[in-house]
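Participant: Input file: model-v8.cif. Contents: mmCIF, C-alpha atoms and all ligand atoms.
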data_my_file
#
loop_
_atom_site.label_atom_id
_atom_site.label_comp_id
_atom_site.auth_asym_id
_atom_site.auth_seq_id
_atom_site.Cartn_x
_atom_site.Cartn_y
_atom_site.Cartn_z
CA MET J 1 56.99 -92.11 81.46
CA GLN J 2 53.52 -90.62 81.15
CA PHE J 3 50.48 -92.81 80.59
CA ASN J 4 49.99 -91.14 77.20
CA GLN J 5 53.43 -92.23 76.07
CA TRP J 6 52.63 -95.80 77.02
CA ARG J 7 49.44 -95.58 75.04
CA HIS J 8 51.51 -94.48 72.06
CA VAL J 9 53.93 -97.37 72.46
CA SER J 10 51.06 -99.77 72.75
CA ASN J 11 49.45 -98.37 69.62
CA PHE J 12 52.63 -98.73 67.60
CA LEU J 13 53.02 -102.30 68.72
CA SER J 14 49.46 -103.09 67.77
CA LEU J 15 50.25 -101.67 64.40
CA ALA J 16 53.18 -104.09 64.13
CA GLY J 17 50.79 -106.94 64.78
CA LEU J 18 48.31 -105.89 62.14
CA ARG J 19 50.35 -104.75 59.20
CA THR J 20 51.19 -107.79 57.15
CA GLU J 21 51.11 -106.50 53.60
CA ARG J 22 54.87 -105.99 53.32
CA LEU J 23 55.83 -109.40 54.67
CA SER J 24 56.78 -112.55 52.84
CA SER J 25 53.97 -115.04 52.31
CA LEU J 26 55.51 -117.46 54.81
CA VAL J 27 55.46 -114.90 57.54
CA THR J 28 52.07 -113.59 56.54
CA ARG J 29 50.63 -117.09 56.95
CA LYS J 30 52.19 -117.31 60.38
CA LEU J 31 50.75 -113.96 61.32
CA HIS J 32 47.28 -114.94 60.25
CA GLY J 33 47.55 -117.86 62.64
CA LEU J 34 48.10 -115.58 65.60
CA SER J 35 45.47 -114.60 68.08
CA GLY J 36 45.19 -112.96 71.45
CA THR J 37 47.37 -110.46 73.19
CA ARG J 38 49.95 -110.63 75.88
CA VAL J 39 50.74 -108.29 78.68
CA VAL J 40 54.19 -106.75 78.69
CA THR J 41 55.62 -105.05 81.72
CA ILE J 42 58.52 -102.67 81.45
CA ASN J 43 59.55 -100.46 84.36
CA ASN J 44 56.53 -101.61 86.37
CA LEU J 45 54.09 -100.42 83.73
CA SER J 46 52.00 -102.91 81.80
CA PHE J 47 50.30 -102.83 78.46
CA ASN J 48 48.77 -105.31 76.03
CA TYR J 49 49.96 -106.08 72.58
CA PRO J 50 49.57 -108.83 70.02
CA LYS J 51 51.52 -112.05 70.36
CA LEU J 52 54.36 -112.18 67.90
CA GLU J 53 56.40 -115.08 69.28
CA VAL J 54 55.40 -117.42 66.48
CA LEU J 55 56.59 -114.94 63.94
CA SER J 56 59.91 -114.56 65.75
CA ARG J 57 60.47 -118.31 65.93
CA SER J 58 59.71 -118.95 62.31
CA ILE J 59 62.20 -116.32 61.29
CA MET J 60 64.88 -117.56 63.68
CA ALA J 61 64.81 -120.88 61.88
CA THR J 62 65.76 -119.33 58.56
CA ALA J 63 68.41 -116.87 59.68
CA GLY J 64 72.09 -117.51 60.50
CA ASP J 65 73.17 -118.46 64.01
CA SER J 66 76.34 -118.42 66.05
CA GLU J 67 77.47 -121.81 64.66
CA THR J 68 77.57 -120.42 61.14
CA LYS J 69 79.79 -117.59 62.35
CA GLY J 70 77.57 -114.92 61.05
CA PHE J 71 74.28 -113.16 61.13
CA ARG J 72 72.10 -110.99 58.95
CA ILE J 73 71.84 -107.26 59.44
CA GLY J 74 68.85 -105.28 58.17
CA LEU J 75 69.25 -101.58 57.40
CA VAL J 76 66.05 -99.56 57.64
CA GLN J 77 66.31 -96.64 55.23
CA MET J 78 63.08 -94.87 56.09
CA ASP J 79 61.18 -91.72 55.25
CA VAL J 80 61.39 -89.26 58.12
CA THR J 81 58.75 -86.56 58.35
CA GLU J 82 57.89 -83.69 60.69
CA TYR J 83 55.44 -85.98 62.52
CA LYS J 84 57.05 -88.01 65.25
CA ASN J 85 54.22 -90.51 65.59
CA TYR J 86 54.23 -91.16 61.89
CA ASN J 87 57.99 -91.69 61.96
CA LEU J 88 57.65 -94.15 64.81
CA SER J 89 54.96 -96.11 63.04
CA VAL J 90 57.05 -96.31 59.86
CA ALA J 91 60.04 -97.47 61.92
CA THR J 92 57.89 -100.12 63.58
CA SER J 93 56.58 -101.43 60.31
CA LEU J 94 60.03 -101.55 58.67
CA ILE J 95 61.68 -103.19 61.67
CA LYS J 96 59.09 -105.89 61.31
CA GLU J 97 59.96 -106.20 57.64
CA ALA J 98 63.65 -106.48 58.50
CA VAL J 99 62.92 -109.27 60.98
CA ALA J 100 60.79 -111.03 58.39
CA GLY J 101 63.80 -110.93 56.08
CA GLY J 102 65.92 -112.75 58.63
CA ALA J 103 67.77 -109.86 60.25
CA LYS J 104 69.13 -110.55 63.74
CA VAL J 105 70.47 -107.03 64.02
CA VAL J 106 68.28 -104.19 62.77
CA ALA J 107 69.65 -100.68 62.41
CA LEU J 108 67.83 -97.38 61.89
CA PRO J 109 69.04 -94.03 60.53
CA GLU J 110 70.33 -90.96 62.31
CA CYS J 111 67.35 -88.91 63.50
CA PHE J 112 64.73 -91.51 62.70
CA ASN J 113 62.04 -89.89 64.83
CA SER J 114 62.77 -86.28 63.91
CA PRO J 115 63.73 -84.27 60.84
CA TYR J 116 67.47 -83.63 60.77
CA GLY J 117 67.99 -79.93 61.44
CA ILE J 118 69.01 -77.80 64.39
CA GLN J 119 65.64 -76.03 64.37
CA HIS J 120 63.87 -79.34 65.11
CA PHE J 121 66.03 -80.91 67.81
CA LYS J 122 64.54 -79.13 70.82
CA GLU J 123 60.94 -79.83 69.84
CA PHE J 124 61.58 -83.52 69.15
CA ALA J 125 63.93 -84.14 72.06
CA GLU J 126 63.01 -86.74 74.64
CA LYS J 127 64.58 -88.57 77.53
CA VAL J 128 66.85 -91.38 76.43
CA PRO J 129 66.04 -93.95 77.66
CA GLY J 130 62.60 -93.20 79.07
CA GLY J 131 61.06 -91.37 76.13
CA VAL J 132 58.51 -92.92 73.81
CA SER J 133 61.01 -93.72 71.03
CA SER J 134 63.37 -95.59 73.37
CA MET J 135 60.56 -97.53 75.01
CA LEU J 136 59.15 -98.53 71.65
CA MET J 137 62.54 -99.75 70.39
CA SER J 138 63.10 -101.74 73.58
CA ALA J 139 59.70 -103.41 73.29
CA LEU J 140 60.22 -104.25 69.61
CA ALA J 141 63.67 -105.71 70.29
CA ALA J 142 62.21 -107.89 73.03
CA ASP J 143 59.26 -109.04 71.02
CA PHE J 144 61.21 -109.89 67.89
CA LYS J 145 64.19 -111.14 69.90
CA VAL J 146 66.64 -109.12 67.84
CA TYR J 147 69.24 -106.46 68.44
CA ILE J 148 68.09 -102.98 67.50
CA ILE J 149 70.60 -100.21 66.87
CA ALA J 150 68.13 -97.40 67.17
CA GLY J 151 69.65 -94.86 64.77
CA SER J 152 69.54 -91.67 66.74
CA VAL J 153 67.07 -89.31 68.34
CA PRO J 154 67.48 -85.83 69.78
CA GLU J 155 68.00 -86.44 73.48
CA LEU J 156 67.12 -84.12 76.32
CA GLY J 157 69.81 -84.93 78.88
CA ASP J 158 69.35 -84.77 82.64
CA ASP J 159 71.69 -81.77 82.51
CA GLY J 160 69.18 -79.94 80.30
CA LYS J 161 71.49 -80.16 77.27
CA LEU J 162 70.58 -81.67 73.91
CA TYR J 163 72.47 -84.59 72.39
CA ASN J 164 72.23 -86.65 69.22
CA THR J 165 71.92 -90.13 70.69
CA CYS J 166 71.78 -93.73 69.56
CA LEU J 167 70.44 -96.48 71.82
CA ILE J 168 71.25 -100.14 71.34
CA PHE J 169 68.89 -102.80 72.66
CA GLY J 170 69.45 -106.53 73.04
CA PRO J 171 66.98 -109.33 72.29
CA LYS J 172 65.38 -109.13 75.71
CA GLY J 173 64.76 -105.44 75.22
CA GLU J 174 67.64 -104.64 77.53
CA LEU J 175 69.65 -101.49 77.01
CA LEU J 176 73.15 -102.49 75.88
CA GLY J 177 74.62 -99.13 75.03
CA LYS J 178 73.99 -95.44 74.56
CA HIS J 179 76.10 -93.47 72.11
CA ARG J 180 75.99 -89.70 72.06
CA LYS J 181 77.42 -88.38 68.78
CA ILE J 182 80.99 -87.52 69.70
CA HIS J 183 82.00 -85.30 66.80
CA LEU J 184 79.44 -82.62 66.08
CA PHE J 185 78.71 -81.83 62.46
CA ASP J 186 80.03 -78.29 62.07
CA ILE J 187 80.96 -77.60 58.48
CA ASP J 188 80.89 -74.71 56.04
CA VAL J 189 81.27 -75.44 52.34
CA PRO J 190 80.61 -72.04 50.70
CA GLY J 191 77.70 -72.00 48.27
CA LYS J 192 76.82 -75.60 49.16
CA ILE J 193 76.14 -76.35 52.79
CA ARG J 194 76.69 -74.80 56.19
CA PHE J 195 75.61 -76.85 59.19
CA GLN J 196 76.47 -76.17 62.83
CA GLU J 197 75.18 -78.84 65.17
CA SER J 198 77.11 -77.25 68.01
CA GLU J 199 74.70 -74.30 67.99
CA VAL J 200 72.20 -76.52 69.79
CA LEU J 201 73.82 -79.87 70.56
CA THR J 202 76.51 -81.00 72.94
CA GLY J 203 78.96 -83.72 71.95
CA GLY J 204 79.17 -87.05 73.75
CA ASN J 205 82.21 -88.13 75.72
CA SER J 206 82.33 -91.88 75.35
CA LEU J 207 83.06 -94.59 72.86
CA THR J 208 80.36 -97.23 72.53
CA ILE J 209 80.94 -100.94 72.05
CA VAL J 210 78.18 -103.51 72.48
CA GLU J 211 78.59 -107.28 72.65
CA THR J 212 76.42 -109.74 70.77
CA GLU J 213 76.73 -113.52 70.63
CA TRP J 214 78.51 -113.17 67.28
CA CYS J 215 80.84 -110.21 67.65
CA LYS J 216 81.45 -106.85 69.22
CA ILE J 217 79.91 -103.86 67.46
CA GLY J 218 81.35 -100.35 67.61
CA VAL J 219 78.87 -97.51 67.19
CA GLY J 220 79.34 -94.00 65.84
CA ILE J 221 76.92 -91.45 64.43
CA CYS J 222 77.40 -89.91 60.98
CA TYR J 223 80.19 -87.32 61.30
CA ASP J 224 81.93 -89.71 63.72
CA MET J 225 82.72 -91.79 60.64
CA ARG J 226 85.11 -89.10 59.37
CA PHE J 227 87.47 -89.75 62.28
CA PRO J 228 89.56 -92.83 61.49
CA GLU J 229 91.00 -93.00 65.01
CA LEU J 230 87.59 -93.94 66.42
CA ALA J 231 87.28 -96.86 64.00
CA GLN J 232 90.86 -97.95 64.71
CA ILE J 233 90.26 -97.95 68.44
CA TYR J 234 87.07 -99.97 67.96
CA ARG J 235 89.07 -102.51 65.96
CA GLN J 236 91.83 -102.59 68.59
CA LYS J 237 89.16 -103.28 71.18
CA GLY J 238 87.90 -106.26 69.22
CA CYS J 239 84.98 -104.96 67.15
CA ASP J 240 84.22 -106.79 63.90
CA LEU J 241 81.35 -104.59 62.78
CA LEU J 242 81.10 -100.80 62.90
CA VAL J 243 77.65 -99.25 62.60
CA TYR J 244 77.14 -95.60 61.73
CA PRO J 245 73.58 -94.29 61.50
CA GLY J 246 74.09 -91.19 59.38
CA ALA J 247 72.52 -88.48 57.29
CA PHE J 248 74.98 -87.21 54.72
CA ASN J 249 73.61 -84.65 52.28
CA MET J 250 73.56 -83.91 48.58
CA THR J 251 77.00 -82.28 48.70
CA THR J 252 79.00 -84.61 50.93
CA GLY J 253 77.00 -87.75 50.18
CA PRO J 254 78.06 -88.33 46.58
CA ALA J 255 81.62 -87.25 47.37
CA HIS J 256 82.41 -89.02 50.62
CA TRP J 257 79.76 -91.42 51.94
CA LYS J 258 80.91 -94.59 50.21
CA LEU J 259 84.60 -93.65 50.21
CA LEU J 260 84.66 -93.17 53.99
CA GLN J 261 82.99 -96.50 54.62
CA GLN J 262 85.33 -98.32 52.31
CA ALA J 263 88.29 -96.64 54.00
CA ARG J 264 87.10 -97.55 57.52
CA ALA J 265 86.34 -101.13 56.43
CA LEU J 266 89.57 -101.72 54.52
CA ASP J 267 91.94 -100.09 57.00
CA ASN J 268 90.50 -102.05 59.88
CA GLN J 269 89.38 -105.22 58.08
CA VAL J 270 85.92 -104.98 59.58
CA TYR J 271 82.38 -104.81 58.27
CA VAL J 272 80.93 -101.29 58.17
CA ALA J 273 77.21 -100.53 57.99
CA THR J 274 75.68 -97.10 57.45
CA ILE J 275 72.00 -96.26 57.65
CA SER J 276 70.54 -93.08 56.20
CA PRO J 277 67.05 -91.63 56.13
CA ALA J 278 65.44 -91.97 52.69
CA ARG J 279 65.85 -88.92 50.50
CA ASN J 280 63.10 -86.32 50.71
CA GLU J 281 63.71 -83.53 48.21
CA LYS J 282 61.21 -81.29 50.05
CA ALA J 283 62.94 -81.53 53.42
CA GLY J 284 65.03 -78.66 54.80
CA TYR J 285 68.00 -81.06 54.88
CA VAL J 286 68.04 -83.49 51.99
CA ALA J 287 69.64 -86.79 52.99
CA TRP J 288 71.74 -88.70 50.48
CA GLY J 289 70.30 -92.14 51.25
CA HIS J 290 72.45 -95.05 49.98
CA SER J 291 72.51 -97.03 53.21
CA MET J 292 75.12 -99.72 52.72
CA VAL J 293 77.30 -102.46 54.06
CA VAL J 294 80.96 -102.73 53.12
CA ASN J 295 82.95 -105.90 53.86
CA PRO J 296 86.49 -106.26 55.27
CA TRP J 297 87.90 -106.48 51.75
CA GLY J 298 86.52 -102.99 51.12
CA ALA J 299 83.81 -104.17 48.75
CA VAL J 300 80.21 -102.95 48.88
CA VAL J 301 77.96 -105.88 49.83
CA VAL J 302 74.67 -104.03 49.55
CA GLU J 303 73.67 -100.48 48.75
CA ALA J 304 70.21 -98.92 48.83
CA GLU J 305 69.32 -96.18 46.40
CA GLU J 306 67.55 -93.09 47.70
CA GLU J 307 64.02 -94.29 48.41
CA GLN J 308 62.57 -95.96 51.49
CA LYS J 309 63.75 -99.56 51.67
CA VAL J 310 65.04 -102.27 53.97
CA VAL J 311 68.29 -103.79 52.71
CA PHE J 312 70.11 -106.82 54.09
CA ALA J 313 73.62 -108.15 54.30
CA ASP J 314 75.10 -111.27 55.82
CA ILE J 315 77.96 -110.51 58.16
CA ASP J 316 80.32 -113.40 57.48
CA LEU J 317 82.89 -113.59 60.26
CA ALA J 318 84.70 -116.57 58.71
CA TYR J 319 85.25 -114.54 55.55
CA MET J 320 86.48 -111.66 57.69
CA GLN J 321 89.05 -113.95 59.34
CA GLN J 322 90.20 -115.10 55.91
CA VAL J 323 90.84 -111.54 54.80
CA ARG J 324 92.71 -110.84 58.02
CA SER J 325 94.95 -113.85 57.61
CA GLN J 326 95.60 -113.29 53.90
CA ILE J 327 96.64 -109.67 54.42
CA PRO J 328 97.70 -109.65 58.09
CA VAL J 329 98.20 -105.92 58.57
CA SER J 330 96.92 -106.02 62.13
CA THR J 331 99.86 -108.15 63.24
CA GLN J 332 102.35 -106.27 61.07
CA LYS J 333 101.95 -102.90 62.73
CA ARG J 334 105.20 -101.16 63.70
CA THR J 335 104.17 -100.35 67.22
CA ASP J 336 107.81 -99.55 67.91
CA LEU J 337 107.31 -96.54 65.59
CA TYR J 338 103.69 -95.53 66.22
CA GLN J 339 100.74 -96.38 68.43
CA LEU J 340 97.17 -95.33 68.87
CA ALA J 341 95.62 -95.21 72.30
CA SER J 342 92.17 -94.27 73.55
CA SER J 343 92.10 -91.83 76.42
CA LYS J 344 88.92 -93.36 77.80
CA ASP J 345 87.52 -96.86 78.03
CA ALA J 346 84.53 -97.82 75.95
N1 LIG J 401 75.39 -85.22 59.11
C1 LIG J 401 76.60 -85.49 59.58
O1 LIG J 401 76.78 -85.62 60.78
C2 LIG J 401 77.77 -85.67 58.72
C3 LIG J 401 77.74 -85.32 57.30
O2 LIG J 401 76.72 -85.09 56.68
C4 LIG J 401 79.05 -85.27 56.64
O3 LIG J 401 80.06 -85.55 57.28
O4 LIG J 401 79.10 -84.96 55.45
#
Go through the file and emit its structure as structure tokens.
Ligand SMILES: NC(=O)CC(=O)C(=O)O
Facilitator:
Amino acid sequence: MQFNQWRHVSNFLSLAGLRTERLSSLVTRKLHGLSGTRVVTINNLSFNYPKLEVLSRSIMATAGDSETKGFRIGLVQMDVTEYKNYNLSVATSLIKEAVAGGAKVVALPECFNSPYGIQHFKEFAEKVPGGVSSMLMSALAADFKVYIIAGSVPELGDDGKLYNTCLIFGPKGELLGKHRKIHLFDIDVPGKIRFQESEVLTGGNSLTIVETEWCKIGVGICYDMRFPELAQIYRQKGCDLLVYPGAFNMTTGPAHWKLLQQARALDNQVYVATISPARNEKAGYVAWGHSMVVNPWGAVVVEAEEEQKVVFADIDLAYMQQVRSQIPVSTQKRTDLYQLASSKDA
């Protein structure tokens, strides 16, 4: 990574240390008590940024832990503009807000650093990991000691191809998984919307499951959610939460966004979380918004509207087990009549 990129990362992190206006009063008081900086070294490069450990600890105390069989997820529905640095600073600020609200897992939208549109992907593409957005997410995960499911960014692969890629970081800032959107969004609804990701992007070739101390999480990006087999395989492989950063639009959003999540959640008796960019009516592609979490019963636990907002849900694994034992479809499958198999390991 270039020195300039590190300077950017450092600047964003400083911003995280200074912006307190959105935080709860408890956390704000803690922040005011902070002083000094610490040196962080990632990949043999060092930079300074404000100490945030006190903030992290105070939040840890109020959030769920592994003994309570659950944790809080924060969905960052953010405004995405044509300015990458601005997008990264908004993401930084809202991740901090999510942590302040007790989230142990924070998830961002599809294309959080870039406008969603095939004309933008090349310009905004970066190495993943290695680019400024990945490094920033890793540093924030480490500092706040949370998992970050970093929506997606346009990735410039080592093969020179472009991908739509989500990175998942653990609480030490370690890279846990990298999901390249498997199913490219190629649709044509006459008079409404035509979108052909495959004109510039290449599809990924792997499933992505990451392990946390609470449960396994299966990751897909947006259009991936339309393919029930992927969700079923994730469930077969032990996932309890499926996370889909996504950017549905004003045609497919009202028609399918919630329905698909409820279907994936109910069929598989898992939690499903989706994270959209906030709606911007002036953008070339207008995102639907409505980031949400659906529970294993198929009920919506939380749903944002269209504007920028962090929303939270408690992932209750004991409740999930109750649903599974009350309606035990997973043990009632007629595998003598049908079976679903993945052709590749996650
Ligand atoms: N943007 C997508 O990948 C998918 C989408 O908008 C849809 O399926 O509808």
Participant: Using all atoms listed in the file for the distances, tell me which of J:Leu140, J:Ala283, J:Met250, J:Leu242 is nearest to ligand LIG 401 (chain J).
Facilitator: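 Using all atoms listed in the file, ligand LIG 401 (chain J) sits closest to J:Met250.
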Participant: 8 Å from ligand LIG 401 (chain J) is the threshold here; counting only C-alpha atoms and all ligand atoms, which polymer residues fall inside it? Answer as a list in words.
Facilitator: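 Taking only C-alpha atoms and all ligand atoms into account, the residues around ligand LIG 401 (chain J) at most 8 Å away are His183, Leu184, Phe185, Ile221, Cys222, Tyr223, Asp224, Met225, Arg226, Gly246, Ala247, Phe248, Asn249, Thr251, Thr252, Gly253, His256 and Trp257 of chain J.
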Participant: Looking at only C-alpha atoms, which of J:Glu197, J:Asp143, J:Glu82, J:Glu110 is the one that sits closest to Ile95 (chain J)?
Facilitator: J:Asp143
Participant: Would you mind reading off the distance between CA of Tyr86 (chain J) and CA of Val311 (chain J), one decimal, in Å?
Facilitator: 21.0 Å
Participant: Suppose you want the space between CA of Gly298 (chain J) and CA of Ala91 (chain J); what is it in Å?
Facilitator: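 The value is 29.1 Å.
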Participant: Quick one, how far is CA of Asn87 (chain J) from CA of Val146 (chain J)?
Facilitator: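 CA of Val146 (chain J) lies at a distance of 20.3 Å from CA of Asn87 (chain J).
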Participant: So, counting only C-alpha atoms, which residue among J:Val300, J:Glu211, J:Asn113, J:Pro277 is closest to Ser89 (chain J)?
Facilitator: J:Asn113
Participant: Find, counting all atoms listed in the file, the residue in J:Thr331, J:Asn205, J:Gln196, J:Gln236 that gets nearest to Lys181 (chain J).
Facilitator: J:Asn205
Participant: Counting all atoms listed in the file, figure out which residue out of J:Leu167, J:Val310, J:Met320, J:Ala107 gets nearest to Lys127 (chain J).
Facilitator: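 Nearest to Lys127 (chain J): J:Leu167.
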Participant: Which one is closest to Asn11 (chain J): J:Thr208, J:Ser276, J:Gln77, J:Thr92? Count only C-alpha atoms.
Facilitator: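 That would be J:Thr92, the residue with the smallest distance to Asn11 (chain J).
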Participant: Write out as a PyMOL selection string which residues come within 8 Å of region 295-297 of chain J when counting only C-alpha atoms, dropping same-chain ones fewer than 4 positions away.
Facilitator: chain J and resi 265-266+268-272+301+320+323
Participant: Residues at most 12 Å from Arg279 (chain J), counting only C-alpha atoms, excluding those fewer than 3 positions away in the same chain, as JSON, numbers by chain?
Facilitator: {"J": [77, 78, 79, 80, 81, 109, 115, 116, 247, 248, 249, 250, 253, 275, 276, 282, 283, 284, 285, 286, 287, 288, 289, 290, 291, 304, 305, 306, 307, 308, 309]}
Participant: For C-alpha atoms, I'd like the residues from the last selection saved as an mmCIF file, keeping the file's coordinate frame.
Facilitator:
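Here's the written file again11.cif:
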data_model
loop_
_atom_site.group_PDB
_atom_site.id
_atom_site.type_symbol
_atom_site.label_atom_id
_atom_site.label_comp_id
_atom_site.auth_asym_id
_atom_site.auth_seq_id
_atom_site.Cartn_x
_atom_site.Cartn_y
_atom_site.Cartn_z
ATOM 1 C CA GLN J 77 66.310 -96.640 55.230
ATOM 2 C CA MET J 78 63.080 -94.870 56.090
ATOM 3 C CA ASP J 79 61.180 -91.720 55.250
ATOM 4 C CA VAL J 80 61.390 -89.260 58.120
ATOM 5 C CA THR J 81 58.750 -86.560 58.350
ATOM 6 C CA PRO J 109 69.040 -94.030 60.530
ATOM 7 C CA PRO J 115 63.730 -84.270 60.840
ATOM 8 C CA TYR J 116 67.470 -83.630 60.770
ATOM 9 C CA ALA J 247 72.520 -88.480 57.290
ATOM 10 C CA PHE J 248 74.980 -87.210 54.720
ATOM 11 C CA ASN J 249 73.610 -84.650 52.280
ATOM 12 C CA MET J 250 73.560 -83.910 48.580
ATOM 13 C CA GLY J 253 77.000 -87.750 50.180
ATOM 14 C CA ILE J 275 72.000 -96.260 57.650
ATOM 15 C CA SER J 276 70.540 -93.080 56.200
ATOM 16 C CA LYS J 282 61.210 -81.290 50.050
ATOM 17 C CA ALA J 283 62.940 -81.530 53.420
ATOM 18 C CA GLY J 284 65.030 -78.660 54.800
ATOM 19 C CA TYR J 285 68.000 -81.060 54.880
ATOM 20 C CA VAL J 286 68.040 -83.490 51.990
ATOM 21 C CA ALA J 287 69.640 -86.790 52.990
ATOM 22 C CA TRP J 288 71.740 -88.700 50.480
ATOM 23 C CA GLY J 289 70.300 -92.140 51.250
ATOM 24 C CA HIS J 290 72.450 -95.050 49.980
ATOM 25 C CA SER J 291 72.510 -97.030 53.210
ATOM 26 C CA ALA J 304 70.210 -98.920 48.830
ATOM 27 C CA GLU J 305 69.320 -96.180 46.400
ATOM 28 C CA GLU J 306 67.550 -93.090 47.700
ATOM 29 C CA GLU J 307 64.020 -94.290 48.410
ATOM 30 C CA GLN J 308 62.570 -95.960 51.490
ATOM 31 C CA LYS J 309 63.750 -99.560 51.670
#
Participant: Using only C-alpha atoms, which residues sit within 8 Å of Pro154 (chain J) once same-chain residues fewer than 6 positions away are excluded, as a list in words?
Facilitator: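 Counting only C-alpha atoms, the residues come to Cys111, Ser114, Phe121, Lys122, Phe124, Ala125, Glu126, Leu162, Tyr163, Asn164 and Thr165 of chain J.
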Participant: Any chance you could export the current selection's C-alpha atoms as a CSV table (one decimal), keeping the file's coordinate frame?
Facilitator:
chain,number,residue,atom,x,y,z
J,111,CYS,CA,67.4,-88.9,63.5
J,114,SER,CA,62.8,-86.3,63.9
J,121,PHE,CA,66.0,-80.9,67.8
J,122,LYS,CA,64.5,-79.1,70.8
J,124,PHE,CA,61.6,-83.5,69.2
J,125,ALA,CA,63.9,-84.1,72.1
J,126,GLU,CA,63.0,-86.7,74.6
J,162,LEU,CA,70.6,-81.7,73.9
J,163,TYR,CA,72.5,-84.6,72.4
J,164,ASN,CA,72.2,-86.6,69.2
J,165,THR,CA,71.9,-90.1,70.7
Participant: Regenerate region 135-150 of chain J at the level of N, CA and C atoms and dump it as a compact mmCIF listing (two decimals), in the frame of the given file.
Facilitator:
# COMPACT_ATOMS: atom_id res chain seq x y z
N MET J 135 61.39 -96.45 74.47
CA MET J 135 60.56 -97.53 75.01
C MET J 135 60.02 -98.41 73.88
N LEU J 136 59.66 -97.76 72.79
CA LEU J 136 59.15 -98.53 71.65
C LEU J 136 60.25 -99.45 71.10
N MET J 137 61.44 -98.93 70.95
CA MET J 137 62.54 -99.75 70.39
C MET J 137 62.86 -100.92 71.31
N SER J 138 62.83 -100.68 72.62
CA SER J 138 63.10 -101.74 73.58
C SER J 138 62.04 -102.84 73.46
N ALA J 139 60.79 -102.43 73.38
CA ALA J 139 59.70 -103.41 73.29
C ALA J 139 59.77 -104.20 71.99
N LEU J 140 60.12 -103.53 70.89
CA LEU J 140 60.22 -104.25 69.61
C LEU J 140 61.38 -105.24 69.62
N ALA J 141 62.52 -104.81 70.21
CA ALA J 141 63.67 -105.71 70.29
C ALA J 141 63.29 -106.96 71.08
N ALA J 142 62.59 -106.76 72.18
CA ALA J 142 62.21 -107.89 73.03
C ALA J 142 61.22 -108.80 72.30
N ASP J 143 60.27 -108.21 71.64
CA ASP J 143 59.26 -109.04 71.02
C ASP J 143 59.79 -109.84 69.84
N PHE J 144 60.65 -109.19 69.06
CA PHE J 144 61.21 -109.89 67.89
C PHE J 144 62.48 -110.65 68.24
N LYS J 145 62.97 -110.45 69.45
CA LYS J 145 64.19 -111.14 69.90
C LYS J 145 65.37 -110.83 68.97
N VAL J 146 65.52 -109.56 68.69
CA VAL J 146 66.64 -109.12 67.84
C VAL J 146 67.36 -107.97 68.53
N TYR J 147 68.54 -107.67 68.00
CA TYR J 147 69.24 -106.46 68.44
C TYR J 147 68.70 -105.29 67.61
N ILE J 148 68.47 -104.18 68.25
CA ILE J 148 68.09 -102.98 67.50
C ILE J 148 69.09 -101.87 67.81
N ILE J 149 69.71 -101.38 66.74
CA ILE J 149 70.60 -100.21 66.87
C ILE J 149 69.73 -99.03 66.42
N ALA J 150 69.25 -98.33 67.42
CA ALA J 150 68.13 -97.40 67.17
C ALA J 150 68.63 -96.05 66.68
